[in-house]
Amino acid sequence: MEKISVEKLTFTYPLCETPALKEISFQIRQSEFIVLCGKSGCGKSTLLKHLKKNLIPYGKRTGEIYYEGTEIEQLNDRKSASAIGFVQQNPDNQIVTDTVWHELAFGLENLGLPVKVIKRRVAEMTSYFGIQTWFRKKVNQLSGGQKQLLNLASIMAMQPELLILDEPASQLDPIAASDFLETVYRINRELGTTVIISEHRLEEVFPMADRVMVMDQGKILAFDNPGKIGAVLAGDKPGGEHPMFYGLPCVMRMFQHTLRDGEQSPLTIRDGRLKMEALLAACPKEKFPNICKEAFPENKYRRKHALRKGEKTDSAIVLKDLWFRYERDMPDVLRGLSFEVGKGEWYCLLGGNGTGKSTTLKAICGIIKPQRGTALVDGIKVEKGHEKELFNHRLAMVPQDPQALFTEITVEEELYEAMSDMEIQEEEKIKKIEAMLDLMEIRHLRKANPYDLSGGEQQRLAIGKILLLEPTVLLLDEPTKGLDPFFKRTLADILGGLRDQGMTIFMVSHDIEFCASYGDTCAMFFDGELVSEADPADFFAGNNFYTTAANRIVRKWNPKLITCEEVQKWIREIM
Amino acid sequence: MRKRQGKAVCEFASFHPLVTALYYLLVIGVSMFSMDPLFLCATCAAAWGYAFFLKGKQNVRKNIIMAGFVLVLMTVVNTLFTHNGETVLFYINRNRVTLEAFLYGLCASVMLISVIMWLESFQILMTSDKLIYLFGKIAPVFGLVISMIFRFIPLLKARYAEIAMGQKCMGRGAQTGFVKRSRQLIKEVSILIAWSLEASIESADSMAARGYGLRGRSSFHLFKLTGRDGAALVFLVAAGSVAVAGAVTGCTAMHFYPRLASGSEDGWKMLAFAAFAALLCMPFIIEMAGDYKWKKSALKN
């Protein structure tokens, strides 16, 4: 029997004209691992929420949803609570109690189980997840990744048969995300739990999936083996790709046009490497060496760096020998950090968690005061008393959580609020708001509440709000966190445009692919200082592990190719 | 965080929450109704001693300043504003300043200081999970609510820090002037409220998804009532009832006006004091026994 069966589900939110889900039908079998992907706002979350009784949104609905043959709404409350587990996006918001052990027991308490039974189940779960060491910790002492694992564990303690995860790893750093997704995979393999997961990190989940469901504008575009999805989205001829194609894992896109009919796409780096070997073996020997010597393709975003190499431009940000620790008897977080960011440069600071990247941002903003060393922005020393000069049309930062900026009830008022301290004419302000709505492509949302926007839209609004302060140096803290691949491209275009107008962009990020594709300079932050700094091609060519998926596949033959587009072009030429 | 001086983990803390709760209820309760110097000196010494044992030097300075302030303030105020009492020390503007009023102020302030110092060690021993357990005993929902409060306080703090940082990054951190600064504060708080309300929708979903609201919720905890806890409870009830009976019958009281007089006759009072003193000594004996056992077990290995 099918675990889940959906028949002609159509759903419209109240006050909306277009349905969020249109005539959706599909079946999911016992113990399948299903990946759900699509642009944000395509109806993924709405669909997932329909699979859990208490979370079904209000609105107009037609069609049926069955869980093991019973209509979801007819399920017994107790059964529905324990049989279907639901993990949401934000690790913090899902945690209810103050300690790890209490959180693990929360669901079981609700079921009214006696203390002895709860203890046994909690013990089992803790051991299975390997989280004994933080069993007695307070939840606020956990990292984001640990919090999300805790959420998963506390749901698994209820022994669900179906696990639904709505972008569970989008707020996590890459290593924590991998860990989390591996755990979900393990649950599926070892316990036979049926899994439905929506996720933007397709590189990691595609190889795990039995089937992939691609959604677009409330409809199912494709529902098939992961290896066949590429063919469906690629269209018949080059240029005819569905926009969703660009969201697919790099390995799949790279080789799509080399696949013969019916051949499945490679899904992992290993498969990609093998595919590449096979392609090159078939490639005529005399053609091969030339291609390898070829300079790497032009990339419009690289232009600035070449320019900078030739002539020394002014520096927008200068850090000189910065030392900092949070408390007297704590270890140093910054250890003699020095670097310069040129005017009009897009500088990406990469590095693992807890290495001090965010502390660096704080030092540039003057939020922390380093014990030694100086920070200069446009030649102005960052210290107390200089705030007026520093922040007046010069320095601004977009925080990691865009919600930290929102005060108003509509998008346009939110933008207006940014200029509340400025002494300019009212008409002038309105003009600027209009321009910003267009620049950020949020004109259609001007009357919406900032909290009703999707993650990507909120990010755009936050950046728009900060840009109204007209900074010349823009600092960004993990700007791509939680964004879908499509909006990342839009964001890159927006930031690229600003940079071309002379703005300096300094971002701290985990997102290797994004920095490789769009940054002018990438730098690796480790143990309180920079260990390497170069333009993306040189930077990633010099790395072995810390590099893009595309680069890992072709680095043996051409280490300077780092983005998927470059590799695609290269493959086209040798074919 | 700085490493805490004194005992981070103590033996008394490992007792069942009921023992801790009953102990402090008795000790603080009897102390609050004590005006007799004998009782006061004992409870005051024990309170300071135990707080010092748990926290080390860390807060001693702060506490001494606090105690000195309370002592001076209460004594001076009572001496100057109460004119009861037989033994006149001197006159100020034809108002009598009496020895009895001075002593009353002194005793009342010592009582207050003792209670504050007991609370000092109480807040170390009574960790949030013990509190949650105790309230959960009354009704599961109380336990949960307290637990949620302990969850949300640090969360809100962290959020507020992020908001303040966000505002600072917009150059709004360095506002000058009272009006501008308070407007900025209101703005930050309003962001905090909006953000938290929005987040709480997700929390509610997460609770509902895990079956919150089903009938017959139980309350899980990690505490075991062992034989040792049982013995401690029996002792507390026995010693406690004598001490409380003493307090009720006025053994711990002291009459100040018009002249000093003890609350009751000697035999019964000494018995009540002995019970109270036994109560006061309990944590010290437990700690010493724990230390001794630990050292013995460490030697064996």
# chains A, B, ... in the order shown; residues from 1 in each chain; ligands from 1
>>> residues_around(residues="stretch 69-82 of chain A", least_positions_apart="6", cutoff="12 Å", atoms="only C-alpha atoms", output="ChimeraX atom specification")
/A:1-7,27-29,49-56,63,106-113,154-163 /B:205-217
>>> select_by_dssp(residues="stretch 87-212 of chain B", states="strand (DSSP E or B)", output="ChimeraX atom specification")
/B:88-92,95-98
>>> write_last_selection(atoms="N, CA, C and O atoms", output="PDB file, in the first residue's frame")
ATOM      1  N   VAL B  88      17.254  55.350  77.566  1.00  0.00           N
ATOM      2  CA  VAL B  88      17.500  56.492  76.690  1.00  0.00           C
ATOM      3  C   VAL B  88      19.002  56.718  76.598  1.00  0.00           C
ATOM      4  O   VAL B  88      19.703  56.774  77.604  1.00  0.00           O
ATOM      5  N   LEU B  89      19.475  56.789  75.377  1.00  0.00           N
ATOM      6  CA  LEU B  89      20.903  57.036  75.179  1.00  0.00           C
ATOM      7  C   LEU B  89      21.175  58.527  75.159  1.00  0.00           C
ATOM      8  O   LEU B  89      21.993  59.048  75.888  1.00  0.00           O
ATOM      9  N   PHE B  90      20.420  59.234  74.282  1.00  0.00           N
ATOM     10  CA  PHE B  90      20.522  60.692  74.251  1.00  0.00           C
ATOM     11  C   PHE B  90      19.296  61.247  73.540  1.00  0.00           C
ATOM     12  O   PHE B  90      18.451  60.486  73.079  1.00  0.00           O
ATOM     13  N   TYR B  91      19.241  62.556  73.476  1.00  0.00           N
ATOM     14  CA  TYR B  91      18.091  63.204  72.834  1.00  0.00           C
ATOM     15  C   TYR B  91      18.528  63.936  71.590  1.00  0.00           C
ATOM     16  O   TYR B  91      19.609  64.526  71.564  1.00  0.00           O
ATOM     17  N   ILE B  92      17.705  63.865  70.550  1.00  0.00           N
ATOM     18  CA  ILE B  92      17.919  64.719  69.391  1.00  0.00           C
ATOM     19  C   ILE B  92      16.644  65.525  69.216  1.00  0.00           C
ATOM     20  O   ILE B  92      15.559  64.960  69.053  1.00  0.00           O
ATOM     21  N   ASN B  95      13.740  64.434  70.952  1.00  0.00           N
ATOM     22  CA  ASN B  95      13.287  63.060  70.679  1.00  0.00           C
ATOM     23  C   ASN B  95      14.242  62.085  71.320  1.00  0.00           C
ATOM     24  O   ASN B  95      15.461  62.244  71.226  1.00  0.00           O
ATOM     25  N   ARG B  96      13.649  61.062  71.930  1.00  0.00           N
ATOM     26  CA  ARG B  96      14.490  60.104  72.628  1.00  0.00           C
ATOM     27  C   ARG B  96      15.142  59.148  71.633  1.00  0.00           C
ATOM     28  O   ARG B  96      14.502  58.672  70.698  1.00  0.00           O
ATOM     29  N   VAL B  97      16.390  58.886  71.836  1.00  0.00           N
ATOM     30  CA  VAL B  97      17.067  57.851  71.069  1.00  0.00           C
ATOM     31  C   VAL B  97      17.380  56.738  72.042  1.00  0.00           C
ATOM     32  O   VAL B  97      18.119  56.942  73.001  1.00  0.00           O
ATOM     33  N   THR B  98      16.769  55.546  71.820  1.00  0.00           N
ATOM     34  CA  THR B  98      16.870  54.511  72.838  1.00  0.00           C
ATOM     35  C   THR B  98      17.726  53.344  72.406  1.00  0.00           C
ATOM     36  O   THR B  98      17.878  53.065  71.213  1.00  0.00           O
TER      37      THR B  98
END
>>> closest_residue(among="B:Phe220, B:Phe284, B:Phe256, B:Phe53", to="chain A", atoms="only C-alpha atoms")
B:Phe220
>>> interface_residues(of="chain A", to="chain B", cutoff="6 Å", atoms="only C-alpha atoms", output="PyMOL selection string")
chain A and resi 81+93-94+96-98+107+109-110+112+115+391+396-397+399+404+407
>>> atom_distance(atom1="atom CA of A:Thr490", atom2="atom CA of A:Ile512")
17.0 Å
>>> residues_around(residues="stretch 494-503 of chain A", least_positions_apart="5", cutoff="9 Å", atoms="only C-alpha atoms", output="number ranges by chain")
A: 301, 304, 343-346, 439-440, 471-474, 489, 518-519
>>> residues_around(residues="A:Lys369", least_positions_apart="4", cutoff="8 Å", atoms="only C-alpha atoms", output="list in words")
Phe324, Ala363 and Glu383 of chain A
>>> closest_residue(among="B:Ala243, B:Leu22, B:Met32, B:Ile113", to="B:Ile65", atoms="only C-alpha atoms")
B:Ile113
>>> atom_distance(atom1="atom CA of B:Met288", atom2="atom CA of B:Gln123")
20.9 Å
>>> atom_distance(atom1="atom CA of B:Ala261", atom2="atom CA of B:Ala101")
13.4 Å
>>> residues_around(residues="A:Asp538", least_positions_apart="3", cutoff="10 Å", atoms="only C-alpha atoms", output="PyMOL selection string")
chain A and resi 521-522+533-535+541-543+559-562
>>> select_by_dssp(residues="stretch 22-174 of chain B", states="helix (DSSP H, G or I)", output="number ranges by chain")
B: 22-32, 37-81, 99-125, 128-138, 140-169
>>> residues_around(residues="A:Glu417", least_positions_apart="5", cutoff="9 Å", atoms="only C-alpha atoms", output="PDB file with C-alpha atoms, in the first residue's frame")
ATOM      1  CA  THR A 407      10.249  47.401  12.324  1.00  0.00           C
ATOM      2  CA  GLU A 408       7.357  48.368  10.054  1.00  0.00           C
ATOM      3  CA  GLU A 412       7.533  50.425   1.619  1.00  0.00           C
ATOM      4  CA  LYS A 465      16.938  48.979   3.342  1.00  0.00           C
TER       5      LYS A 465
END
>>> residues_around(residues="B:Ser31", least_positions_apart="2", cutoff="12 Å", atoms="only C-alpha atoms", output="PyMOL selection string")
chain B and resi 24-29+33-47+107-119+243-244+246-247+251-253+273+276-277+279-280
